[in-house]
>>> print(open('entry_30.cif').read())   # mmCIF, C-alpha atoms and all ligand atoms
data_query
loop_
_atom_site.label_atom_id
_atom_site.label_comp_id
_atom_site.auth_asym_id
_atom_site.auth_seq_id
_atom_site.Cartn_x
_atom_site.Cartn_y
_atom_site.Cartn_z
CA MET A 113 178.86 89.83 41.76
CA LYS A 114 175.15 89.05 41.40
CA VAL A 115 173.54 88.21 44.76
CA LEU A 116 170.17 86.46 44.95
CA VAL A 117 168.20 87.52 48.05
CA ILE A 118 165.43 85.18 49.16
CA ASN A 119 162.72 85.76 51.75
CA CYS A 120 160.73 82.55 52.20
CA GLY A 121 157.36 82.58 53.93
CA SER A 122 155.28 79.48 54.58
CA SER A 123 153.32 79.82 51.31
CA SER A 124 155.09 82.67 49.56
CA LEU A 125 158.59 83.66 48.50
CA LYS A 126 160.00 87.06 47.63
CA TYR A 127 163.29 87.45 45.79
CA GLN A 128 165.61 90.05 44.33
CA VAL A 129 168.85 89.95 42.42
CA LEU A 130 171.25 92.79 43.16
CA ASP A 131 174.61 93.57 41.63
CA MET A 132 177.16 94.02 44.41
CA PRO A 133 178.97 96.09 45.47
CA SER A 134 177.29 98.56 43.08
CA GLU A 135 173.98 97.90 44.96
CA GLN A 136 172.02 97.96 41.68
CA LEU A 137 168.70 96.12 41.75
CA ILE A 138 168.48 93.91 38.64
CA CYS A 139 165.20 92.06 39.10
CA LYS A 140 162.66 91.14 41.72
CA GLY A 141 159.76 88.77 42.06
CA LEU A 142 157.20 87.01 44.13
CA VAL A 143 155.88 83.47 44.26
CA GLU A 144 152.47 83.15 45.85
CA LYS A 145 150.40 80.19 47.02
CA ILE A 146 153.22 77.65 47.26
CA GLY A 147 151.62 74.31 48.16
CA LEU A 148 148.23 75.34 46.76
CA LYS A 149 146.91 74.50 43.31
CA ASP A 150 146.94 78.03 41.86
CA SER A 151 150.60 78.90 42.57
CA MET A 152 151.89 81.92 40.68
CA LEU A 153 155.25 83.54 40.00
CA THR A 154 155.52 87.21 39.07
CA HIS A 155 158.95 88.29 37.86
CA THR A 156 159.99 91.87 37.12
CA LYS A 157 163.21 92.72 35.33
CA ILE A 158 164.18 96.29 36.17
CA GLY A 159 163.80 98.46 33.08
CA ALA A 160 161.60 95.93 31.24
CA ASP A 161 158.18 97.04 30.06
CA GLU A 162 156.31 93.92 31.06
CA LYS A 163 156.21 91.57 34.00
CA PHE A 164 156.68 87.86 33.42
CA VAL A 165 153.89 85.83 35.05
CA LEU A 166 153.90 82.04 35.40
CA GLN A 167 150.92 80.09 36.66
CA SER A 168 151.92 76.52 37.41
CA PRO A 169 151.48 74.12 40.35
CA MET A 170 154.31 74.59 42.86
CA PRO A 171 153.78 71.97 45.55
CA ASP A 172 156.87 72.93 47.56
CA HIS A 173 159.65 75.51 47.96
CA THR A 174 162.11 73.48 45.86
CA THR A 175 159.74 73.62 42.88
CA ALA A 176 159.11 77.34 43.49
CA ILE A 177 162.84 78.17 43.66
CA GLY A 178 163.37 76.01 40.55
CA HIS A 179 160.92 78.26 38.67
CA VAL A 180 162.62 81.37 40.08
CA LEU A 181 165.99 80.13 38.77
CA ASP A 182 164.38 79.36 35.37
CA ALA A 183 163.03 82.92 35.29
CA LEU A 184 166.50 84.30 36.12
CA LEU A 185 167.95 82.37 33.17
CA ASP A 186 165.07 83.00 30.74
CA PRO A 187 166.49 84.43 27.47
CA GLU A 188 163.82 87.14 27.36
CA HIS A 189 163.03 88.03 30.98
CA GLY A 190 166.13 86.67 32.68
CA VAL A 191 169.18 88.44 34.10
CA ALA A 192 171.91 85.79 33.74
CA LYS A 193 173.16 83.33 31.12
CA SER A 194 174.05 80.66 33.66
CA LEU A 195 173.76 80.13 37.41
CA TYR A 196 177.56 80.60 37.64
CA GLU A 197 176.80 84.31 37.37
CA ILE A 198 174.95 84.21 40.69
CA GLY A 199 177.81 84.51 43.17
CA ALA A 200 175.87 83.87 46.38
CA VAL A 201 172.43 83.64 47.96
CA GLY A 202 171.34 85.63 51.02
CA HIS A 203 168.37 84.41 53.06
CA ARG A 204 166.20 86.36 55.43
CA ILE A 205 165.75 84.25 58.56
CA LEU A 206 163.18 85.27 61.14
CA HIS A 207 164.46 83.88 64.41
CA GLY A 208 168.03 83.27 65.46
CA GLY A 209 167.22 83.13 69.19
CA ASP A 210 170.31 84.06 71.22
CA LYS A 211 172.50 81.93 68.96
CA PHE A 212 173.20 84.54 66.27
CA THR A 213 174.51 88.03 66.90
CA ALA A 214 175.30 88.64 63.22
CA SER A 215 174.76 87.19 59.75
CA CYS A 216 176.70 84.02 58.93
CA LEU A 217 177.67 81.62 56.18
CA VAL A 218 175.25 78.69 56.00
CA ASP A 219 176.75 75.36 57.02
CA GLU A 220 175.41 72.30 58.86
CA LYS A 221 175.97 73.97 62.27
CA CYS A 222 174.12 77.10 61.17
CA LYS A 223 171.19 75.06 59.80
CA GLU A 224 171.02 73.06 63.02
CA ALA A 225 170.92 76.29 65.04
CA ILE A 226 168.12 77.70 62.81
CA ARG A 227 166.27 74.39 63.31
CA SER A 228 166.69 74.64 67.08
CA CYS A 229 164.98 78.08 66.94
CA ILE A 230 161.82 76.64 65.31
CA PRO A 231 159.91 76.67 68.64
CA LEU A 232 160.55 80.46 68.76
CA GLY A 233 159.58 81.05 65.11
CA PRO A 234 157.24 78.16 64.29
CA LEU A 235 155.72 79.70 61.14
CA HIS A 236 158.79 81.28 59.57
CA ASN A 237 161.91 79.29 60.50
CA PRO A 238 160.74 76.04 58.82
CA ALA A 239 160.01 77.96 55.59
CA ASN A 240 163.36 79.77 55.83
CA LEU A 241 165.12 76.40 56.16
CA MET A 242 163.18 75.02 53.20
CA GLY A 243 164.49 77.92 51.12
CA ILE A 244 168.09 77.17 52.14
CA GLU A 245 167.73 73.46 51.45
CA ALA A 246 166.05 74.06 48.07
CA CYS A 247 169.01 76.25 47.02
CA GLU A 248 171.45 73.58 48.22
CA LYS A 249 169.67 71.07 46.02
CA LEU A 250 169.35 73.29 42.95
CA MET A 251 172.68 75.14 43.20
CA PRO A 252 175.06 72.74 44.95
CA GLY A 253 178.14 74.43 46.36
CA LYS A 254 176.75 77.97 45.98
CA PRO A 255 177.66 80.00 49.11
CA GLN A 256 174.60 80.94 51.14
CA VAL A 257 174.34 83.47 53.95
CA ALA A 258 171.73 83.64 56.72
CA VAL A 259 170.63 87.12 57.83
CA PHE A 260 168.54 87.16 61.00
CA ASP A 261 165.75 89.56 61.97
CA THR A 262 166.74 89.10 65.59
CA ALA A 263 170.55 89.41 65.37
CA PHE A 264 170.82 93.22 65.64
CA HIS A 265 168.94 93.16 68.95
CA GLN A 266 171.29 90.72 70.64
CA THR A 267 173.25 93.61 72.18
CA MET A 268 170.34 94.53 74.48
CA PRO A 269 171.34 94.39 78.15
CA PRO A 270 169.58 91.78 80.34
CA GLU A 271 167.50 94.42 82.14
CA ALA A 272 165.97 95.27 78.73
CA PHE A 273 165.48 91.75 77.38
CA MET A 274 164.38 89.80 80.46
CA TYR A 275 160.72 89.32 81.40
CA ALA A 276 159.88 89.40 85.11
CA LEU A 277 158.52 85.86 85.00
CA PRO A 278 159.91 83.00 87.10
CA TYR A 279 163.56 82.69 85.99
CA GLU A 280 163.17 78.98 85.23
CA TYR A 281 161.18 79.75 82.05
CA TYR A 282 164.13 81.70 80.69
CA GLU A 283 166.43 78.80 81.57
CA LYS A 284 164.12 76.05 80.32
CA TYR A 285 162.52 77.65 77.26
CA ALA A 286 164.62 80.76 76.48
CA VAL A 287 161.58 82.98 77.13
CA ARG A 288 162.86 86.59 76.81
CA LYS A 289 162.62 89.57 74.49
CA TYR A 290 164.39 89.05 71.13
CA GLY A 291 163.05 91.83 68.90
CA PHE A 292 162.47 91.77 65.12
CA HIS A 293 162.94 94.03 62.06
CA GLY A 294 166.63 94.04 63.07
CA THR A 295 167.84 94.20 59.47
CA SER A 296 165.71 97.29 58.85
CA HIS A 297 166.70 99.03 62.10
CA ARG A 298 170.39 98.32 61.32
CA PHE A 299 170.06 99.62 57.74
CA VAL A 300 168.31 102.89 58.59
CA SER A 301 170.45 103.63 61.65
CA ALA A 302 173.63 103.29 59.54
CA LYS A 303 172.07 105.60 56.90
CA ALA A 304 171.11 108.09 59.64
CA ALA A 305 174.73 108.31 60.80
CA GLU A 306 175.78 108.91 57.16
CA MET A 307 173.14 111.63 56.74
CA LEU A 308 174.19 113.33 59.98
CA GLY A 309 177.89 113.03 59.08
CA LYS A 310 178.66 111.41 62.44
CA ASP A 311 180.09 108.14 63.66
CA ILE A 312 177.14 105.94 64.69
CA LYS A 313 179.03 105.21 67.94
CA ASP A 314 178.51 108.86 68.94
CA LEU A 315 174.75 108.86 68.37
CA LYS A 316 171.60 108.05 70.28
CA LEU A 317 168.92 107.07 67.78
CA ILE A 318 165.30 105.97 67.91
CA SER A 319 164.30 104.09 64.80
CA CYS A 320 160.55 103.78 64.09
CA HIS A 321 159.77 100.95 61.63
CA LEU A 322 156.08 101.62 61.05
CA GLY A 323 154.46 99.17 58.64
CA ASN A 324 151.78 96.57 58.96
CA GLY A 325 154.11 95.09 61.55
CA ALA A 326 155.73 97.88 63.56
CA SER A 327 158.54 98.25 66.05
CA LEU A 328 160.82 100.86 67.59
CA ALA A 329 164.47 100.41 68.46
CA ALA A 330 166.67 102.45 70.78
CA ILE A 331 170.17 102.49 69.33
CA LYS A 332 173.05 103.74 71.45
CA ASP A 333 176.77 103.62 70.51
CA GLY A 334 175.71 101.92 67.25
CA LYS A 335 174.14 99.03 69.15
CA CYS A 336 170.56 98.10 69.90
CA PHE A 337 169.78 99.04 73.50
CA ASP A 338 166.08 98.20 73.54
CA THR A 339 163.29 97.35 71.14
CA SER A 340 159.53 97.11 71.33
CA MET A 341 158.87 93.63 69.88
CA GLY A 342 159.51 90.71 72.19
CA LEU A 343 159.68 86.93 72.29
CA THR A 344 157.43 87.16 69.22
CA PRO A 345 156.46 90.12 67.00
CA LEU A 346 153.27 90.59 69.06
CA GLU A 347 154.69 92.84 71.79
CA GLY A 348 154.97 96.62 71.66
CA LEU A 349 153.17 98.94 69.27
CA VAL A 350 149.58 98.72 68.11
CA MET A 351 149.92 97.13 64.64
CA GLY A 352 147.77 96.33 61.59
CA THR A 353 146.27 93.21 63.17
CA ARG A 354 148.36 92.75 66.35
CA CYS A 355 147.40 94.17 69.72
CA GLY A 356 150.90 95.02 70.98
CA ASP A 357 151.23 95.69 74.72
CA ILE A 358 148.21 94.81 76.86
CA ASP A 359 147.71 93.66 80.42
CA PRO A 360 148.53 89.92 80.06
CA ALA A 361 145.69 89.17 82.49
CA ALA A 362 143.18 90.44 79.92
CA ILE A 363 143.71 87.26 77.91
CA PRO A 364 142.77 84.58 80.48
CA PHE A 365 139.87 86.89 81.47
CA ILE A 366 138.49 87.05 77.90
CA ALA A 367 139.35 83.40 77.17
CA GLU A 368 137.34 82.25 80.17
CA LYS A 369 134.32 84.37 79.22
CA GLU A 370 134.43 83.29 75.54
CA GLY A 371 135.54 79.68 76.07
CA MET A 372 138.63 80.38 73.97
CA SER A 373 141.62 78.03 73.66
CA PHE A 374 145.24 79.31 73.91
CA LYS A 375 145.55 78.88 70.15
CA GLU A 376 142.35 80.88 69.50
CA ALA A 377 143.51 83.60 71.89
CA ASP A 378 146.86 83.73 70.07
CA THR A 379 145.08 84.09 66.71
CA MET A 380 142.81 86.79 68.14
CA MET A 381 145.80 88.82 69.38
CA ASN A 382 147.85 88.36 66.19
CA LYS A 383 145.25 88.50 63.44
CA LYS A 384 142.08 90.18 64.70
CA SER A 385 143.36 92.97 66.94
CA GLY A 386 145.32 96.19 66.44
CA ILE A 387 144.09 98.77 63.95
CA LEU A 388 141.72 96.20 62.43
CA GLY A 389 140.27 95.07 65.75
CA VAL A 390 139.65 98.55 67.13
CA SER A 391 138.45 100.24 63.92
CA GLY A 392 136.50 97.29 62.54
CA VAL A 393 137.42 98.74 59.12
CA SER A 394 140.75 97.36 57.91
CA SER A 395 144.33 96.58 58.92
CA ASP A 396 145.56 98.99 56.25
CA PHE A 397 146.32 102.47 57.56
CA ARG A 398 145.14 104.10 54.32
CA ASP A 399 141.64 102.59 54.67
CA VAL A 400 141.47 103.48 58.35
CA GLU A 401 142.63 107.07 57.68
CA ALA A 402 139.98 107.41 54.96
CA ALA A 403 137.28 106.11 57.32
CA ALA A 404 138.44 108.47 60.08
CA ASN A 405 138.29 111.41 57.65
CA GLU A 406 134.68 110.46 56.92
CA GLY A 407 133.87 110.69 60.62
CA ASN A 408 134.25 107.05 61.70
CA ALA A 409 135.01 107.47 65.44
CA ARG A 410 136.44 103.98 65.94
CA ALA A 411 138.79 104.43 62.99
CA GLN A 412 140.00 107.71 64.55
CA LEU A 413 140.38 105.98 67.94
CA ALA A 414 142.52 103.23 66.35
CA LEU A 415 144.82 105.84 64.77
CA ASP A 416 145.01 107.84 68.02
CA MET A 417 145.93 104.68 69.95
CA PHE A 418 148.66 103.90 67.41
CA VAL A 419 150.16 107.38 67.71
CA HIS A 420 149.86 107.36 71.52
CA ARG A 421 151.81 104.09 71.75
CA VAL A 422 154.60 105.31 69.44
CA LYS A 423 154.95 108.49 71.55
CA HIS A 424 155.02 106.31 74.67
CA TYR A 425 157.99 104.35 73.34
CA ILE A 426 159.85 107.42 72.06
CA GLY A 427 159.59 108.94 75.56
CA ALA A 428 160.67 105.67 77.17
CA TYR A 429 163.67 105.24 74.90
CA ALA A 430 164.81 108.86 75.29
CA ALA A 431 164.71 108.26 79.05
CA GLU A 432 166.51 104.90 78.83
CA MET A 433 169.31 106.33 76.67
CA ASN A 434 169.48 109.64 78.59
CA GLY A 435 168.72 111.57 75.40
CA VAL A 436 168.15 111.19 71.71
CA ASP A 437 169.94 112.82 68.76
CA ALA A 438 167.67 111.69 65.95
CA ILE A 439 164.40 109.92 65.30
CA ILE A 440 164.05 107.88 62.11
CA PHE A 441 160.78 107.06 60.34
CA THR A 442 160.76 104.11 57.97
CA ALA A 443 158.59 101.30 56.37
CA GLY A 444 155.20 101.68 54.61
CA LEU A 445 153.52 104.04 57.04
CA GLY A 446 156.70 105.69 58.34
CA GLU A 447 157.82 106.53 54.79
CA ASN A 448 154.43 107.57 53.39
CA GLY A 449 152.15 108.63 56.22
CA LYS A 450 152.82 112.33 56.73
CA THR A 451 149.73 112.79 58.91
CA THR A 452 150.84 110.01 61.24
CA ARG A 453 154.41 111.35 61.42
CA ALA A 454 153.05 114.81 62.24
CA ALA A 455 150.73 113.39 64.93
CA ILE A 456 153.60 111.45 66.54
CA CYS A 457 155.91 114.48 66.63
CA LYS A 458 153.20 116.90 67.82
CA ASP A 459 153.69 118.32 71.34
CA MET A 460 157.13 116.78 71.73
CA ASP A 461 158.93 120.12 72.15
CA TYR A 462 159.88 119.20 75.73
CA LEU A 463 162.10 116.54 74.12
CA GLY A 464 163.41 119.00 71.52
CA ILE A 465 161.45 117.50 68.62
CA GLU A 466 159.92 119.91 66.10
CA LEU A 467 158.75 118.85 62.67
CA ASP A 468 158.82 121.22 59.69
CA PRO A 469 155.37 120.80 58.03
CA GLU A 470 156.71 121.62 54.56
CA ARG A 471 159.66 119.24 54.82
CA ASN A 472 157.28 116.59 56.19
CA ASP A 473 155.15 116.84 53.03
CA VAL A 474 157.17 114.10 51.37
CA ARG A 475 157.01 110.38 50.65
CA GLY A 476 159.60 107.64 50.42
CA LYS A 477 162.63 109.91 50.16
CA GLU A 478 165.78 110.07 52.29
CA THR A 479 165.47 113.50 53.89
CA VAL A 480 165.44 115.58 57.08
CA ILE A 481 161.88 116.53 58.10
CA SER A 482 162.57 118.42 61.34
CA SER A 483 162.88 122.21 61.52
CA ASP A 484 166.30 123.85 61.74
CA ALA A 485 165.50 124.76 65.36
CA SER A 486 164.68 121.18 66.33
CA ARG A 487 167.29 119.88 68.83
CA VAL A 488 166.48 116.33 67.77
CA LYS A 489 166.77 115.68 64.04
CA VAL A 490 163.82 113.83 62.53
CA LEU A 491 164.76 111.77 59.47
CA LEU A 492 162.77 109.95 56.84
CA ILE A 493 164.81 107.01 55.55
CA PRO A 494 163.32 104.40 53.20
CA THR A 495 164.28 100.98 54.48
CA ASN A 496 165.83 98.35 52.22
CA GLU A 497 166.13 95.02 53.98
CA GLU A 498 166.98 93.18 50.74
CA LEU A 499 169.93 95.50 50.12
CA MET A 500 171.14 95.00 53.69
CA ILE A 501 170.92 91.20 53.15
CA ALA A 502 172.83 91.52 49.87
CA MET A 503 175.47 93.71 51.58
CA ASP A 504 175.98 91.16 54.37
CA THR A 505 176.05 88.30 51.84
CA TYR A 506 178.62 90.03 49.66
CA ASP A 507 180.78 90.97 52.68
CA ILE A 508 180.74 87.45 54.09
CA VAL A 509 181.42 85.56 50.86
CA THR A 510 184.18 87.90 49.70
CA LYS A 511 185.96 88.01 53.07
P1 LIG B 1 154.71 97.72 55.15
O1 LIG B 1 154.30 96.61 56.08
O2 LIG B 1 156.02 98.34 55.50
O3 LIG B 1 154.59 97.34 53.71
O4 LIG B 1 153.63 98.90 55.38
C1 LIG B 1 152.28 98.71 55.09
C2 LIG B 1 151.46 99.80 55.74
O5 LIG B 1 151.89 101.09 55.28
C3 LIG B 1 149.98 99.66 55.38
O6 LIG B 1 149.17 99.69 56.52
C4 LIG B 1 149.73 100.88 54.54
O7 LIG B 1 148.45 101.39 54.73
C5 LIG B 1 150.73 101.89 55.02
N1 LIG B 1 150.92 102.91 54.00
C6 LIG B 1 151.46 102.75 52.79
N2 LIG B 1 151.35 103.91 52.08
C7 LIG B 1 150.70 104.80 52.87
C8 LIG B 1 150.28 106.15 52.74
N3 LIG B 1 150.49 106.84 51.62
N4 LIG B 1 149.63 106.74 53.76
C9 LIG B 1 149.40 106.06 54.88
N5 LIG B 1 149.77 104.78 55.07
C10 LIG B 1 150.42 104.16 54.10
#
>>> encode(input="entry_30.cif", output="structure tokens", more="lines below")
Ligand code: AMP
Amino acid sequence: MKVLVINCGSSSLKYQVLDMPSEQLICKGLVEKIGLKDSMLTHTKIGADEKFVLQSPMPDHTTAIGHVLDALLDPEHGVAKSLYEIGAVGHRILHGGDKFTASCLVDEKCKEAIRSCIPLGPLHNPANLMGIEACEKLMPGKPQVAVFDTAFHQTMPPEAFMYALPYEYYEKYAVRKYGFHGTSHRFVSAKAAEMLGKDIKDLKLISCHLGNGASLAAIKDGKCFDTSMGLTPLEGLVMGTRCGDIDPAAIPFIAEKEGMSFKEADTMMNKKSGILGVSGVSSDFRDVEAAANEGNARAQLALDMFVHRVKHYIGAYAAEMNGVDAIIFTAGLGENGKTTRAAICKDMDYLGIELDPERNDVRGKETVISSDASRVKVLLIPTNEELMIAMDTYDIVTK
């Protein structure tokens, strides 16, 4: 069965078609600038020499998905003769609140629940819904599955997910920790169990999803026990442009001095902070590493702060789970940044973590990077959220 995986952002859309259950990627693509005048679709058929690029106004997601479907059926660049060949569509949905503990078939109740989570994911959930509704319009009757970034984290115990704010805000507005990157943490933790030849229920894992957005998850008995992102993806690690954990009182303090509104403060914390804010160079780790290597002290400070915070969470999660069997590195920086991985694992021998420098000299490959003597295994596992979405979609529609 061919499964179309769609990840709708507010002005962009990423897609892949995978053959399931063989897990073969058939094509992938990106639509940029939806709603703007210079919208563009870039479609890549796996194995083809050239990309197919379409520049055409795409005022909304329905038009964009219409062009994606045309590209899938194109005699030259396409991957199917008719839409009947697409068995199902899987959608990445940002926020499922506490309503979704797993992926589910899209129906009116599911859409209503995604809609009710819009206050928690105001930028993403409306776009995710637009993607679902566009597919309903263009492929009536096609089964669709919703896969939530938050669902994997719903097993956290209350002591991990509650904030020590007045309880009424939890009751009135569902203010609590939800966590994100759940699809990635679930995918790599299942792979880790496979690599270690153990049942995931017998493992204590710390999964480090280190990309532009970054989060850690503590996974015990195959379930998420704690995670570093919170009500929104702002909490936790120092990220490309997000500040992560700070003293909350710093914000009213700065806002008062600068005459900043709540909205401006939110933008400052989400878009102007983190690696970019401290280094003043870039949000991209490669640029910041290059600047640090040329002697830029603020760039080095930003990287040191990033590493310090990851270590902080690894220590915390090992303590919370009463041990750790393996640490997983994944996502852009986790898969490619050997210097950062080495810095994180340095001086962690008290926890039984010892990296093998030669094994660590690797990029984007599923492999063990700890030494044979290391009590805790350190694993590099490329994430594949689209595959996880396709797996869930296939499982649900063939059940
Ligand atoms: P992601 O959000 O998962 O796509 O990850 C993006 C981040 O990974 C960016 O900040 C990149 O700088 C970083 N990254 C990608 N490749 C490398 C690399 N070779 N070395 C260091 N960082 C990298």
>>> residues_around(input="entry_30.cif", residues="Arg487 (chain A)", least_positions_apart="6", cutoff="12 Å", atoms="all atoms listed in the file", output="list in words")
Gly435, Val436, Asp437, Ala438, Ile439, Met460, Asp461, Tyr462, Leu463, Gly464, Ile465, Glu466 and Leu467 of chain A
>>> residues_near_ligand(input="entry_30.cif", ligand="ligand LIG 1 (chain B)", cutoff="9 Å", atoms="only C-alpha atoms and all ligand atoms", output="ChimeraX atom specification")
/A:321-326,351-352,394-401,442-452,475,495
>>> closest_residue(input="entry_30.cif", among="A:Thr267, A:Asn237, A:Ser391, A:Gln128", to="Gly202 (chain A)", atoms="only C-alpha atoms")
A:Gln128
>>> residues_near_point(input="entry_30.cif", point="(158.2, 83.5, 63.3)", cutoff="6 Å", atoms="all atoms listed in the file", output="ChimeraX atom specification")
/A:206,233-236
>>> closest_residue(input="entry_30.cif", among="A:Met170, A:Leu241, A:Leu148, A:Cys139", to="Ala183 (chain A)", atoms="only C-alpha atoms")
A:Cys139
>>> atom_distance(input="entry_30.cif", atom1="CA of Asp359 (chain A)", atom2="CA of His297 (chain A)")
26.9 Å
>>> closest_residue(input="entry_30.cif", among="A:Leu130, A:Ala276, A:Ala411, A:Cys355", to="Ser385 (chain A)", atoms="all atoms listed in the file")
A:Cys355
>>> closest_residue(input="entry_30.cif", among="A:Ile387, A:Arg298, A:Asp333, A:Lys211", to="Ile312 (chain A)", atoms="only C-alpha atoms")
A:Asp333
>>> residues_around(input="entry_30.cif", residues="Phe292 (chain A)", least_positions_apart="3", cutoff="10 Å", atoms="all atoms listed in the file", output="PyMOL selection string")
chain A and resi 206-207+260-265+289+295-297+325-329+339-345
>>> closest_residue(input="entry_30.cif", among="A:Ser215, A:Thr156, A:Ser301, A:Thr174", to="Glu248 (chain A)", atoms="all atoms listed in the file")
A:Thr174
>>> atom_distance(input="entry_30.cif", atom1="CA of Glu432 (chain A)", atom2="CA of Pro269 (chain A)")
11.6 Å
>>> atom_distance(input="entry_30.cif", atom1="CA of Gly190 (chain A)", atom2="CA of Lys477 (chain A)")
29.3 Å
>>> residues_around(input="entry_30.cif", residues="Val480 (chain A)", least_positions_apart="3", cutoff="9 Å", atoms="all atoms listed in the file", output="number ranges by chain")
A: 307, 471-472, 483, 489-493
>>> residues_around(input="entry_30.cif", residues="region 502-511 of chain A", least_positions_apart="4", cutoff="10 Å", atoms="only C-alpha atoms", output="PyMOL selection string")
chain A and resi 113-118+128-135+199-203+214-217+255-259+497-498
>>> closest_residue(input="entry_30.cif", among="A:Leu415, A:Ile158, A:Cys247, A:Met268", to="Ala403 (chain A)", atoms="all atoms listed in the file")
A:Leu415
>>> build_atoms(input="entry_30.cif", residues="region 236-254 of chain A", atoms="N, CA and C atoms", output="compact mmCIF listing (two decimals), in the coordinates of the input")
# COMPACT_ATOMS: atom_id res chain seq x y z
N HIS A 236 157.80 80.78 60.53
CA HIS A 236 158.79 81.28 59.57
C HIS A 236 160.04 80.42 59.44
N ASN A 237 160.62 80.00 60.59
CA ASN A 237 161.91 79.29 60.50
C ASN A 237 161.86 78.03 59.63
N PRO A 238 160.78 77.21 59.70
CA PRO A 238 160.74 76.04 58.82
C PRO A 238 160.75 76.44 57.34
N ALA A 239 160.02 77.49 56.99
CA ALA A 239 160.01 77.96 55.59
C ALA A 239 161.38 78.50 55.20
N ASN A 240 162.02 79.24 56.11
CA ASN A 240 163.36 79.77 55.83
C ASN A 240 164.34 78.63 55.56
N LEU A 241 164.25 77.58 56.36
CA LEU A 241 165.12 76.40 56.16
C LEU A 241 164.84 75.71 54.83
N MET A 242 163.55 75.64 54.49
CA MET A 242 163.18 75.02 53.20
C MET A 242 163.84 75.78 52.05
N GLY A 243 163.86 77.10 52.16
CA GLY A 243 164.49 77.92 51.12
C GLY A 243 165.97 77.61 50.99
N ILE A 244 166.65 77.49 52.14
CA ILE A 244 168.09 77.17 52.14
C ILE A 244 168.32 75.80 51.51
N GLU A 245 167.51 74.83 51.94
CA GLU A 245 167.73 73.46 51.45
C GLU A 245 167.38 73.32 49.96
N ALA A 246 166.38 74.08 49.51
CA ALA A 246 166.05 74.06 48.07
C ALA A 246 167.22 74.61 47.27
N CYS A 247 167.86 75.67 47.74
CA CYS A 247 169.01 76.25 47.02
C CYS A 247 170.18 75.28 47.03
N GLU A 248 170.37 74.58 48.16
CA GLU A 248 171.45 73.58 48.22
C GLU A 248 171.26 72.51 47.14
N LYS A 249 169.98 72.12 46.98
CA LYS A 249 169.67 71.07 46.02
C LYS A 249 169.85 71.57 44.58
N LEU A 250 169.37 72.80 44.33
CA LEU A 250 169.35 73.29 42.95
C LEU A 250 170.64 73.98 42.52
N MET A 251 171.41 74.46 43.52
CA MET A 251 172.68 75.14 43.20
C MET A 251 173.77 74.60 44.12
N PRO A 252 174.11 73.32 44.01
CA PRO A 252 175.06 72.74 44.95
C PRO A 252 176.38 73.51 44.98
N GLY A 253 176.85 73.76 46.20
CA GLY A 253 178.14 74.43 46.36
C GLY A 253 178.06 75.95 46.34
N LYS A 254 176.88 76.50 46.02
CA LYS A 254 176.75 77.97 45.98
C LYS A 254 176.78 78.50 47.42
